[in-house]
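Enquirer: Have a peek at coords.pdb (PDB, C-alpha atoms).
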MODEL        1
ATOM      1  CA  MET J 679      47.397 -72.041-151.272
ATOM      2  CA  ALA J 680      50.845 -73.015-152.503
ATOM      3  CA  LEU J 681      49.679 -76.086-154.414
ATOM      4  CA  SER J 682      48.729 -76.502-158.060
ATOM      5  CA  ASN J 683      45.165 -77.533-158.873
ATOM      6  CA  GLU J 684      46.083 -81.109-159.586
ATOM      7  CA  GLU J 685      48.111 -81.347-156.409
ATOM      8  CA  SER J 686      45.329 -79.710-154.393
ATOM      9  CA  GLU J 687      42.805 -82.146-155.725
ATOM     10  CA  GLN J 688      44.964 -85.130-154.821
ATOM     11  CA  ARG J 689      45.623 -83.639-151.414
ATOM     12  CA  ARG J 690      41.923 -83.214-150.731
ATOM     13  CA  GLY J 691      41.299 -86.802-151.803
ATOM     14  CA  ILE J 692      44.035 -88.170-149.532
ATOM     15  CA  ALA J 693      42.883 -86.018-146.621
ATOM     16  CA  ALA J 694      39.286 -87.167-147.187
ATOM     17  CA  SER J 695      40.230 -90.867-147.141
ATOM     18  CA  LEU J 696      42.581 -90.572-144.173
ATOM     19  CA  PRO J 697      39.946 -90.577-141.391
ATOM     20  CA  TYR J 698      38.648 -93.941-142.609
ATOM     21  CA  THR J 699      42.078 -95.529-141.979
ATOM     22  CA  GLY J 700      41.895 -94.863-138.242
ATOM     23  CA  LEU J 701      45.612 -94.005-138.402
ATOM     24  CA  SER J 702      47.151 -91.202-136.393
ATOM     25  CA  LEU J 703      49.580 -88.957-138.209
ATOM     26  CA  ASP J 704      52.509 -90.816-136.588
ATOM     27  CA  GLU J 705      51.146 -94.135-137.770
ATOM     28  CA  LEU J 706      50.428 -92.867-141.274
ATOM     29  CA  TRP J 707      53.923 -91.489-141.560
ATOM     30  CA  LEU J 708      55.471 -94.769-140.365
ATOM     31  CA  LYS J 709      53.446 -96.635-142.998
ATOM     32  CA  TYR J 710      54.511 -94.141-145.662
ATOM     33  CA  PHE J 711      58.123 -94.480-144.530
ATOM     34  CA  THR J 712      57.781 -98.274-144.609
ATOM     35  CA  LEU J 713      56.761 -98.068-148.266
ATOM     36  CA  GLY J 714      59.877 -96.036-149.041
ATOM     37  CA  GLY J 715      58.558 -92.504-148.590
ATOM     38  CA  GLN J 716      61.263 -89.878-148.199
ATOM     39  CA  ALA J 717      59.486 -86.844-146.761
ATOM     40  CA  GLY J 718      59.611 -86.249-143.011
ATOM     41  CA  GLU J 719      56.598 -86.378-140.748
ATOM     42  CA  PHE J 720      56.517 -82.585-140.585
ATOM     43  CA  GLU J 721      56.425 -82.291-144.384
ATOM     44  CA  VAL J 722      53.663 -84.887-144.647
ATOM     45  CA  GLU J 723      51.578 -83.088-142.056
ATOM     46  CA  ALA J 724      52.145 -79.740-143.783
ATOM     47  CA  TYR J 725      51.164 -81.274-147.123
ATOM     48  CA  LEU J 726      47.949 -82.720-145.693
ATOM     49  CA  HIS J 727      47.080 -79.265-144.392
ATOM     50  CA  GLY J 728      47.802 -77.712-147.777
ATOM     51  CA  ALA J 729      50.696 -75.691-146.424
ATOM     52  CA  MET J 730      53.486 -77.372-148.322
ATOM     53  CA  SER J 731      53.993 -79.079-151.650
ATOM     54  CA  LEU J 732      55.219 -82.666-152.117
ATOM     55  CA  PRO J 733      56.715 -84.186-155.300
ATOM     56  CA  ASP J 734      54.213 -86.336-157.224
ATOM     57  CA  LEU J 735      55.996 -89.590-156.396
ATOM     58  CA  GLN J 736      55.917 -88.815-152.674
ATOM     59  CA  ARG J 737      52.218 -87.943-152.960
ATOM     60  CA  ASP J 738      51.539 -91.250-154.656
ATOM     61  CA  ILE J 739      53.438 -93.177-151.982
ATOM     62  CA  LEU J 740      51.359 -91.386-149.352
ATOM     63  CA  ALA J 741      48.141 -92.204-151.243
ATOM     64  CA  HIS J 742      49.292 -95.807-151.526
ATOM     65  CA  ALA J 743      49.959 -95.979-147.769
ATOM     66  CA  VAL J 744      46.403 -94.795-147.123
ATOM     67  CA  ASN J 745      44.943 -97.228-149.666
ATOM     68  CA  GLU J 746      46.872-100.249-148.411
ATOM     69  CA  ARG J 747      45.462 -99.563-144.973
ATOM     70  CA  LEU J 748      41.906 -99.230-146.339
ATOM     71  CA  ASP J 749      42.393-102.484-148.281
ATOM     72  CA  ALA J 750      43.599-104.241-145.125
ATOM     73  CA  LEU J 751      40.457-103.041-143.331
ATOM     74  CA  ASN J 752      38.237-104.070-146.287
ATOM     75  CA  SER J 753      36.901-100.563-145.987
ATOM     76  CA  PRO J 754      34.230 -99.352-148.421
ATOM     77  CA  ALA J 755      35.663 -95.822-148.058
ATOM     78  CA  PRO J 756      36.786 -93.994-151.210
ATOM     79  CA  ARG J 757      40.423 -94.675-152.062
ATOM     80  CA  ALA J 758      43.000 -91.892-152.106
ATOM     81  CA  PRO J 759      43.735 -90.634-155.635
ATOM     82  CA  TYR J 760      47.112 -90.923-157.399
ATOM     83  CA  SER J 761      48.775 -88.368-159.637
ATOM     84  CA  THR J 762      48.290 -90.794-162.539
ATOM     85  CA  PRO J 763      44.601 -91.733-162.694
ATOM     86  CA  ASP J 764      44.840 -94.961-164.639
ATOM     87  CA  THR J 765      46.598 -98.122-163.463
ATOM     88  CA  GLY J 766      47.106 -99.394-167.048
ATOM     89  CA  THR J 767      49.418 -96.661-168.315
ATOM     90  CA  ALA J 768      52.639 -97.387-166.503
ATOM     91  CA  ASP J 769      55.001-100.061-167.699
ATOM     92  CA  GLY J 770      55.688-102.958-165.397
ATOM     93  CA  GLY J 771      54.011-106.322-164.952
ATOM     94  CA  THR J 772      52.535-106.129-168.452
ATOM     95  CA  LYS J 773      55.806-107.430-169.872
ATOM     96  CA  ASN J 774      55.364-110.702-168.037
ATOM     97  CA  GLN J 775      51.856-111.119-169.374
ATOM     98  CA  GLN J 776      52.936-111.086-173.046
ATOM     99  CA  PRO J 777      52.967-114.480-174.749
TER     100      PRO J 777
ATOM    101  CA  MET T 957      62.683 -84.670 -97.603
ATOM    102  CA  ASP T 958      63.689 -86.376 -94.362
ATOM    103  CA  THR T 959      66.979 -88.110 -94.696
ATOM    104  CA  ASP T 960      66.925 -89.639 -91.238
ATOM    105  CA  LEU T 961      64.136 -92.081 -92.047
ATOM    106  CA  PRO T 962      65.314 -95.462 -90.871
ATOM    107  CA  LEU T 963      64.839 -97.210 -94.178
ATOM    108  CA  ALA T 964      65.690 -94.461 -96.637
ATOM    109  CA  GLU T 965      69.042 -95.953 -97.560
ATOM    110  CA  GLU T 966      67.661 -99.415 -97.709
ATOM    111  CA  LEU T 967      64.925 -98.133-100.002
ATOM    112  CA  ALA T 968      67.472 -96.651-102.367
ATOM    113  CA  ALA T 969      69.282 -99.981-102.392
ATOM    114  CA  VAL T 970      66.064-101.863-103.168
ATOM    115  CA  PHE T 971      65.417 -99.621-106.161
ATOM    116  CA  ALA T 972      68.985 -99.786-107.341
ATOM    117  CA  ARG T 973      68.693-103.566-107.356
ATOM    118  CA  ALA T 974      65.311-103.407-109.078
ATOM    119  CA  SER T 975      66.667-101.055-111.734
ATOM    120  CA  ARG T 976      69.401-103.525-112.587
ATOM    121  CA  MET T 977      66.820-106.269-112.881
ATOM    122  CA  LEU T 978      64.804-104.028-115.146
ATOM    123  CA  LEU T 979      67.651-103.981-117.627
ATOM    124  CA  THR T 980      66.684-107.503-118.585
ATOM    125  CA  GLU T 981      62.977-107.377-117.808
ATOM    126  CA  GLU T 982      61.667-104.359-119.605
ATOM    127  CA  THR T 983      57.994-104.606-118.803
ATOM    128  CA  VAL T 984      55.830-102.350-116.743
ATOM    129  CA  SER T 985      54.063-105.254-115.080
ATOM    130  CA  HIS T 986      57.394-106.602-113.886
ATOM    131  CA  ALA T 987      58.277-103.165-112.549
ATOM    132  CA  LEU T 988      55.001-103.054-110.615
ATOM    133  CA  HIS T 989      55.692-106.423-109.008
ATOM    134  CA  LEU T 990      59.134-105.237-107.987
ATOM    135  CA  ILE T 991      57.518-102.181-106.415
ATOM    136  CA  THR T 992      55.048-104.196-104.337
ATOM    137  CA  ASP T 993      57.807-106.513-103.147
ATOM    138  CA  ALA T 994      59.940-103.517-102.258
ATOM    139  CA  ALA T 995      57.037-101.844-100.430
ATOM    140  CA  VAL T 996      56.453-104.879 -98.227
ATOM    141  CA  ALA T 997      60.178-105.039 -97.480
ATOM    142  CA  ALA T 998      60.441-101.318 -96.785
ATOM    143  CA  ILE T 999      57.390-100.688 -94.570
ATOM    144  CA  PRO T1000      57.778-102.582 -91.279
ATOM    145  CA  GLY T1001      54.862-104.799 -90.356
ATOM    146  CA  ALA T1002      52.960-104.448 -93.629
ATOM    147  CA  MET T1003      50.835-107.482 -94.458
ATOM    148  CA  GLY T1004      50.921-106.673 -98.132
ATOM    149  CA  ALA T1005      51.236-103.966-100.726
ATOM    150  CA  GLY T1006      49.686-103.131-104.025
ATOM    151  CA  VAL T1007      50.224-100.684-106.825
ATOM    152  CA  SER T1008      47.785 -99.545-109.488
ATOM    153  CA  LEU T1009      48.276 -97.439-112.573
ATOM    154  CA  MET T1010      45.274 -95.420-113.616
ATOM    155  CA  LYS T1011      44.050 -93.591-116.675
ATOM    156  CA  THR T1012      43.270 -89.911-116.313
ATOM    157  CA  THR T1013      39.599 -90.922-116.087
ATOM    158  CA  GLY T1014      40.232 -92.999-112.940
ATOM    159  CA  GLN T1015      39.880 -96.374-114.639
ATOM    160  CA  ARG T1016      42.486 -98.899-113.653
ATOM    161  CA  LEU T1017      45.060 -99.647-116.324
ATOM    162  CA  THR T1018      47.152-102.286-114.632
ATOM    163  CA  ALA T1019      47.902-103.451-111.144
ATOM    164  CA  ALA T1020      50.156-105.661-109.110
ATOM    165  CA  SER T1021      49.864-106.871-105.547
ATOM    166  CA  SER T1022      51.783-108.986-103.104
ATOM    167  CA  GLY T1023      48.936-111.413-102.366
ATOM    168  CA  THR T1024      45.318-112.358-102.876
ATOM    169  CA  ILE T1025      43.910-110.328 -99.956
ATOM    170  CA  VAL T1026      45.572-107.165-101.217
ATOM    171  CA  SER T1027      44.554-107.951-104.750
ATOM    172  CA  ARG T1028      40.918-108.358-103.659
ATOM    173  CA  ALA T1029      40.928-105.231-101.489
ATOM    174  CA  ASP T1030      42.383-103.250-104.403
ATOM    175  CA  ALA T1031      39.934-104.600-106.928
ATOM    176  CA  LEU T1032      37.046-103.711-104.609
ATOM    177  CA  GLN T1033      38.060-100.048-104.695
ATOM    178  CA  PHE T1034      37.625 -99.964-108.441
ATOM    179  CA  GLU T1035      34.453-102.037-108.392
ATOM    180  CA  LEU T1036      32.890 -99.804-105.748
ATOM    181  CA  GLY T1037      34.414 -96.618-107.099
ATOM    182  CA  GLU T1038      35.699 -95.560-103.683
ATOM    183  CA  GLY T1039      38.586 -96.155-101.331
ATOM    184  CA  PRO T1040      41.849 -94.702-100.038
ATOM    185  CA  CYS T1041      43.928 -95.354-103.122
ATOM    186  CA  LEU T1042      41.391 -93.674-105.408
ATOM    187  CA  ALA T1043      41.359 -90.754-102.982
ATOM    188  CA  ALA T1044      45.178 -90.570-102.948
ATOM    189  CA  TRP T1045      45.194 -90.637-106.721
ATOM    190  CA  ALA T1046      42.481 -87.965-107.014
ATOM    191  CA  THR T1047      43.942 -85.578-104.434
ATOM    192  CA  GLY T1048      47.619 -86.211-105.082
ATOM    193  CA  GLU T1049      48.124 -86.492-101.288
ATOM    194  CA  PRO T1050      48.874 -89.494 -99.093
ATOM    195  CA  VAL T1051      45.829 -91.013 -97.388
ATOM    196  CA  VAL T1052      45.829 -92.969 -94.134
ATOM    197  CA  VAL T1053      43.013 -95.103 -92.785
ATOM    198  CA  SER T1054      44.011 -95.945 -89.247
ATOM    199  CA  ASP T1055      40.866 -97.892 -88.366
ATOM    200  CA  VAL T1056      39.293 -99.591 -91.373
ATOM    201  CA  PRO T1057      36.275-101.172 -89.591
ATOM    202  CA  SER T1058      35.050 -97.855 -88.146
ATOM    203  CA  ASP T1059      36.204 -95.429 -90.860
ATOM    204  CA  ARG T1060      33.226 -93.740 -92.540
ATOM    205  CA  ARG T1061      34.840 -92.014 -95.533
ATOM    206  CA  TRP T1062      34.378 -94.974 -97.877
ATOM    207  CA  PRO T1063      31.696 -97.009 -96.076
ATOM    208  CA  ALA T1064      31.016 -99.618 -98.764
ATOM    209  CA  TRP T1065      34.693-100.352 -99.226
ATOM    210  CA  SER T1066      35.437-100.425 -95.471
ATOM    211  CA  ALA T1067      32.532-102.786 -94.841
ATOM    212  CA  ALA T1068      33.759-105.093 -97.599
ATOM    213  CA  VAL T1069      37.431-105.288 -96.583
ATOM    214  CA  ALA T1070      37.236-105.192 -92.769
ATOM    215  CA  PRO T1071      36.107-108.857 -92.621
ATOM    216  CA  MET T1072      39.192-109.763 -94.679
ATOM    217  CA  GLY T1073      41.362-108.830 -91.698
ATOM    218  CA  ILE T1074      42.529-105.446 -92.921
ATOM    219  CA  GLY T1075      42.960-103.067 -89.986
ATOM    220  CA  SER T1076      44.726-100.068 -91.476
ATOM    221  CA  VAL T1077      45.877 -98.787 -94.839
ATOM    222  CA  ALA T1078      48.212 -96.117 -96.119
ATOM    223  CA  SER T1079      48.211 -95.021 -99.727
ATOM    224  CA  SER T1080      50.349 -92.547-101.611
ATOM    225  CA  PRO T1081      49.911 -91.277-105.181
ATOM    226  CA  LEU T1082      52.393 -92.009-107.940
ATOM    227  CA  VAL T1083      53.060 -88.701-109.619
ATOM    228  CA  ALA T1084      54.795 -88.232-112.957
ATOM    229  CA  GLY T1085      55.477 -84.539-113.475
ATOM    230  CA  THR T1086      52.199 -82.968-112.407
ATOM    231  CA  THR T1087      49.987 -85.934-113.287
ATOM    232  CA  ALA T1088      48.947 -88.635-110.834
ATOM    233  CA  VAL T1089      49.424 -91.869-112.758
ATOM    234  CA  GLY T1090      48.420 -94.254-109.997
ATOM    235  CA  ALA T1091      48.841 -95.090-106.340
ATOM    236  CA  VAL T1092      50.797 -97.416-104.130
ATOM    237  CA  LYS T1093      49.297 -98.733-100.920
ATOM    238  CA  VAL T1094      50.268-100.874 -97.997
ATOM    239  CA  TYR T1095      47.907-102.810 -95.776
ATOM    240  CA  ALA T1096      48.333-103.920 -92.157
ATOM    241  CA  SER T1097      46.225-106.244 -90.059
ATOM    242  CA  ASP T1098      46.402-104.166 -86.870
ATOM    243  CA  LEU T1099      44.750-100.790 -86.296
ATOM    244  CA  ASP T1100      46.804 -97.562 -86.249
ATOM    245  CA  HIS T1101      49.724 -99.298 -87.860
ATOM    246  CA  PHE T1102      50.871 -96.370 -89.947
ATOM    247  CA  ALA T1103      52.432 -93.671 -87.795
ATOM    248  CA  ASP T1104      53.468 -90.336 -89.283
ATOM    249  CA  HIS T1105      56.934 -91.501 -90.133
ATOM    250  CA  ALA T1106      55.598 -94.564 -91.939
ATOM    251  CA  VAL T1107      53.420 -92.324 -94.079
ATOM    252  CA  ARG T1108      56.412 -90.119 -94.884
ATOM    253  CA  LEU T1109      58.351 -93.222 -95.733
ATOM    254  CA  LEU T1110      55.568 -94.366 -98.033
ATOM    255  CA  ALA T1111      55.530 -90.946 -99.742
ATOM    256  CA  LEU T1112      59.268 -91.197-100.242
ATOM    257  CA  PHE T1113      58.803 -94.681-101.546
ATOM    258  CA  ALA T1114      56.068 -93.540-103.932
ATOM    259  CA  GLU T1115      58.358 -90.859-105.283
ATOM    260  CA  GLN T1116      60.991 -93.407-106.221
ATOM    261  CA  ALA T1117      58.368 -95.816-107.488
ATOM    262  CA  SER T1118      56.989 -93.074-109.777
ATOM    263  CA  LEU T1119      60.375 -92.574-111.393
ATOM    264  CA  PHE T1120      60.720 -96.297-111.733
ATOM    265  CA  VAL T1121      57.298 -96.691-113.389
ATOM    266  CA  VAL T1122      57.858 -93.794-115.775
ATOM    267  CA  HIS T1123      61.217 -95.252-116.712
ATOM    268  CA  ALA T1124      59.700 -98.709-117.290
ATOM    269  CA  GLN T1125      56.869 -97.251-119.365
ATOM    270  CA  ALA T1126      59.335 -95.336-121.511
ATOM    271  CA  ARG T1127      61.416 -98.472-122.022
ATOM    272  CA  GLU T1128      58.383-100.513-122.940
ATOM    273  CA  ALA T1129      57.231 -97.856-125.409
ATOM    274  CA  ALA T1130      60.731 -97.699-126.886
ATOM    275  CA  ALA T1131      60.828-101.484-127.287
ATOM    276  CA  VAL T1132      57.503-101.455-129.152
ATOM    277  CA  LEU T1133      58.666 -98.634-131.383
ATOM    278  CA  SER T1134      61.894-100.441-132.064
ATOM    279  CA  ASP T1135      59.957-103.550-133.185
ATOM    280  CA  GLN T1136      57.854-101.407-135.490
ATOM    281  CA  LEU T1137      60.935 -99.680-136.855
ATOM    282  CA  GLN T1138      62.651-102.988-137.540
ATOM    283  CA  HIS T1139      59.572-104.129-139.418
ATOM    284  CA  ALA T1140      59.437-100.840-141.335
ATOM    285  CA  LEU T1141      63.101-100.958-142.287
ATOM    286  CA  PHE T1142      62.850-104.568-143.397
ATOM    287  CA  GLN T1143      59.933-103.828-145.737
ATOM    288  CA  ARG T1144      61.525-100.649-146.988
ATOM    289  CA  ASP T1145      64.642-102.598-147.809
ATOM    290  CA  THR T1146      62.689-105.179-149.828
ATOM    291  CA  ILE T1147      60.982-102.396-151.767
ATOM    292  CA  SER T1148      64.334-100.758-152.370
ATOM    293  CA  VAL T1149      65.840-103.964-153.794
ATOM    294  CA  ALA T1150      62.836-104.425-156.091
ATOM    295  CA  LYS T1151      63.263-100.855-157.256
ATOM    296  CA  GLY T1152      66.870-101.646-158.174
ATOM    297  CA  LEU T1153      65.797-104.722-160.133
ATOM    298  CA  LEU T1154      63.296-102.672-162.132
ATOM    299  CA  MET T1155      65.924 -99.994-162.816
ATOM    300  CA  ALA T1156      68.221-102.634-164.298
ATOM    301  CA  ARG T1157      65.450-104.493-166.109
ATOM    302  CA  ASP T1158      63.859-101.461-167.726
ATOM    303  CA  ASN T1159      66.905 -99.199-167.821
ATOM    304  CA  ILE T1160      65.054 -96.467-165.958
ATOM    305  CA  GLY T1161      65.759 -94.078-163.093
ATOM    306  CA  GLU T1162      64.934 -94.646-159.460
ATOM    307  CA  ASP T1163      61.747 -92.573-159.393
ATOM    308  CA  ASP T1164      60.381 -94.216-162.536
ATOM    309  CA  ALA T1165      61.168 -97.631-161.063
ATOM    310  CA  PHE T1166      59.197 -96.648-157.973
ATOM    311  CA  ARG T1167      56.274 -95.482-160.149
ATOM    312  CA  THR T1168      56.373 -98.806-161.985
ATOM    313  CA  LEU T1169      56.306-100.707-158.708
ATOM    314  CA  ILE T1170      53.324 -98.682-157.458
ATOM    315  CA  ALA T1171      51.523 -99.278-160.767
ATOM    316  CA  MET T1172      52.153-103.039-160.471
ATOM    317  CA  SER T1173      50.823-103.028-156.921
ATOM    318  CA  ARG T1174      47.721-101.050-157.936
ATOM    319  CA  ARG T1175      47.011-103.390-160.810
ATOM    320  CA  SER T1176      47.454-106.625-158.834
ATOM    321  CA  GLY T1177      45.869-105.436-155.609
ATOM    322  CA  ASP T1178      48.839-106.865-153.696
ATOM    323  CA  THR T1179      50.618-104.575-151.276
ATOM    324  CA  LEU T1180      53.735-102.766-152.403
ATOM    325  CA  HIS T1181      55.813-105.010-150.168
ATOM    326  CA  GLU T1182      54.211-108.201-151.540
ATOM    327  CA  THR T1183      54.734-106.923-155.076
ATOM    328  CA  ALA T1184      58.378-106.147-154.343
ATOM    329  CA  ALA T1185      58.963-109.522-152.649
ATOM    330  CA  ALA T1186      57.380-111.371-155.602
ATOM    331  CA  LEU T1187      59.571-109.469-158.042
ATOM    332  CA  ILE T1188      62.677-110.422-156.068
ATOM    333  CA  ARG T1189      61.628-114.085-155.923
ATOM    334  CA  PHE T1190      60.912-114.085-159.649
ATOM    335  CA  SER T1191      64.245-112.476-160.404
ATOM    336  CA  ALA T1192      66.141-114.942-158.231
ATOM    337  CA  SER T1193      64.435-117.999-159.775
ATOM    338  CA  SER T1194      64.866-116.797-163.372
ATOM    339  CA  GLY T1195      68.483-115.823-162.796
ATOM    340  CA  THR T1196      68.165-112.321-164.224
TER     341      THR T1196
ENDMDL
END
Could you rewrite the structure in this file as structure tokens?
Expert:
Amino acid sequence: MALSNEESEQRRGIAASLPYTGLSLDELWLKYFTLGGQAGEFEVEAYLHGAMSLPDLQRDILAHAVNERLDALNSPAPRAPYSTPDTGTADGGTKNQQP
Amino acid sequence: MDTDLPLAEELAAVFARASRMLLTEETVSHALHLITDAAVAAIPGAMGAGVSLMKTTGQRLTAASSGTIVSRADALQFELGEGPCLAAWATGEPVVVSDVPSDRRWPAWSAAVAPMGIGSVASSPLVAGTTAVGAVKVYASDLDHFADHAVRLLALFAEQASLFVVHAQAREAAAVLSDQLQHALFQRDTISVAKGLLMARDNIGEDDAFRTLIAMSRRSGDTLHETAAALIRFSASSGT
């Protein structure tokens, strides 16, 4: 396996959630591309099979594509994991919430 | 292929005309209607024609016909699960029924359509590559209407119709994909603009801006595109 432990774990999580989306690989890739993903369909497929590594940002975009689909379906399925576990750590909208 | 068939050239002309029409009407159902019209025009004495596209399991996907009798006779084949066009599709060979009322190969279907005034039928499969994708058939009110040369003509016709259908299906698929791609590019563009705004706002690189955007979307539960669009609206209204 060419992937690090952390990357493997995320990959397994994404691959486990994927069947619940009902998306084919083509459709998943198009969704990932729509969100701004930069890897090709071949790379995404290879990553999902554990045969190729993807940068953490690309992995997170892929996870997000899966999760947006599960959200749209109101699916109770487990969500795909991100490389950063917590949603509160990154900077962003918090600035607007300050008084 | 016989080139001395009386209508071969006319047939080519019919399809050439239909292909030009297809440039503006890119749907399979329109293509099927053009095919039935062309079949009636091409086969002398035909009372009507129909064309069906089938799944590999034999279920009917879509159909067109030149009139209600043909439409009913076609539908009966699928309801009863038997008939010349199903046989043509299954065997990949043309099928002729020269005497519908007394033909015993598909008794339920023959018994149902003979009272509708159908005397004879010829059907030929539509083949794309090595796969039968459907069948075209012509009906006549008199018995023994389809002589050998008419069957050959129908086979020739089916060959052109197959190309036409495959072409129309490819165009339709391409049009759908192009709609999806337009949608994808539009959303991607919005996300890209939002990324740029975050880069300027937070003085960060492109990847970090993307991570920020994903974090915002995760926190709010809005989609990445909604998050990006809201950020752009906010930026425009606050003049930053």
Enquirer: At a cut-off of 9 Å, list the chain T residues touching chain J, using all atoms listed in the file, as a VMD selection string.
Expert: chain T and resid 1136 to 1137 1139 to 1145 1147 to 1148 1154 1158 1163 to 1172 1174 to 1181
Enquirer: Kindly save the residues from that selection, with C-alpha atoms included, as a PDB file, in the coordinates of the input.
Expert:
ATOM      1  CA  GLN T1136      57.854-101.407-135.490  1.00  0.00           C
ATOM      2  CA  LEU T1137      60.935 -99.680-136.855  1.00  0.00           C
ATOM      3  CA  HIS T1139      59.572-104.129-139.418  1.00  0.00           C
ATOM      4  CA  ALA T1140      59.437-100.840-141.335  1.00  0.00           C
ATOM      5  CA  LEU T1141      63.101-100.958-142.287  1.00  0.00           C
ATOM      6  CA  PHE T1142      62.850-104.568-143.397  1.00  0.00           C
ATOM      7  CA  GLN T1143      59.933-103.828-145.737  1.00  0.00           C
ATOM      8  CA  ARG T1144      61.525-100.649-146.988  1.00  0.00           C
ATOM      9  CA  ASP T1145      64.642-102.598-147.809  1.00  0.00           C
ATOM     10  CA  ILE T1147      60.982-102.396-151.767  1.00  0.00           C
ATOM     11  CA  SER T1148      64.334-100.758-152.370  1.00  0.00           C
ATOM     12  CA  LEU T1154      63.296-102.672-162.132  1.00  0.00           C
ATOM     13  CA  ASP T1158      63.859-101.461-167.726  1.00  0.00           C
ATOM     14  CA  ASP T1163      61.747 -92.573-159.393  1.00  0.00           C
ATOM     15  CA  ASP T1164      60.381 -94.216-162.536  1.00  0.00           C
ATOM     16  CA  ALA T1165      61.168 -97.631-161.063  1.00  0.00           C
ATOM     17  CA  PHE T1166      59.197 -96.648-157.973  1.00  0.00           C
ATOM     18  CA  ARG T1167      56.274 -95.482-160.149  1.00  0.00           C
ATOM     19  CA  THR T1168      56.373 -98.806-161.985  1.00  0.00           C
ATOM     20  CA  LEU T1169      56.306-100.707-158.708  1.00  0.00           C
ATOM     21  CA  ILE T1170      53.324 -98.682-157.458  1.00  0.00           C
ATOM     22  CA  ALA T1171      51.523 -99.278-160.767  1.00  0.00           C
ATOM     23  CA  MET T1172      52.153-103.039-160.471  1.00  0.00           C
ATOM     24  CA  ARG T1174      47.721-101.050-157.936  1.00  0.00           C
ATOM     25  CA  ARG T1175      47.011-103.390-160.810  1.00  0.00           C
ATOM     26  CA  SER T1176      47.454-106.625-158.834  1.00  0.00           C
ATOM     27  CA  GLY T1177      45.869-105.436-155.609  1.00  0.00           C
ATOM     28  CA  ASP T1178      48.839-106.865-153.696  1.00  0.00           C
ATOM     29  CA  THR T1179      50.618-104.575-151.276  1.00  0.00           C
ATOM     30  CA  LEU T1180      53.735-102.766-152.403  1.00  0.00           C
ATOM     31  CA  HIS T1181      55.813-105.010-150.168  1.00  0.00           C
TER      32      HIS T1181
END
Enquirer: So the first atom is atom CA of T:Val1069 and the second is atom CA of T:Ala1117; what is the distance between them in Å, to one decimal place?
Expert: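 According to the coordinates, atom CA of T:Val1069 and atom CA of T:Ala1117 are separated by 25.4 Å.
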Enquirer: Apply the PyMOL selection byres ((chain T and resi 1044) around 9) to the file shown and report the selected residues as a list in words.
Expert: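 After applying the PyMOL selection byres ((chain T and resi 1044) around 9), what remains is Gly1039, Pro1040, Cys1041, Leu1042, Ala1043, Trp1045, Ala1046, Thr1047, Gly1048, Glu1049, Pro1050, Val1051, Ser1079, Ser1080, Pro1081, Leu1082, Ala1088, Gly1090, Ala1091 and Val1092 of chain T.
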Enquirer: I would like the residues chosen by the PyMOL selection byres ((chain J and resi 720) around 12) on the shown file; could you give them as JSON, numbers by chain?
Expert: {"J": [703, 704, 706, 707, 716, 717, 718, 719, 721, 722, 723, 724, 725, 726, 727, 729, 730, 731, 732]}
Enquirer: With the file shown as input, list the residues that the PyMOL selection byres ((chain J and resi 755) around 7) selects, as a VMD selection string.
Expert: chain J and resid 695 698 753 to 754 756 to 757
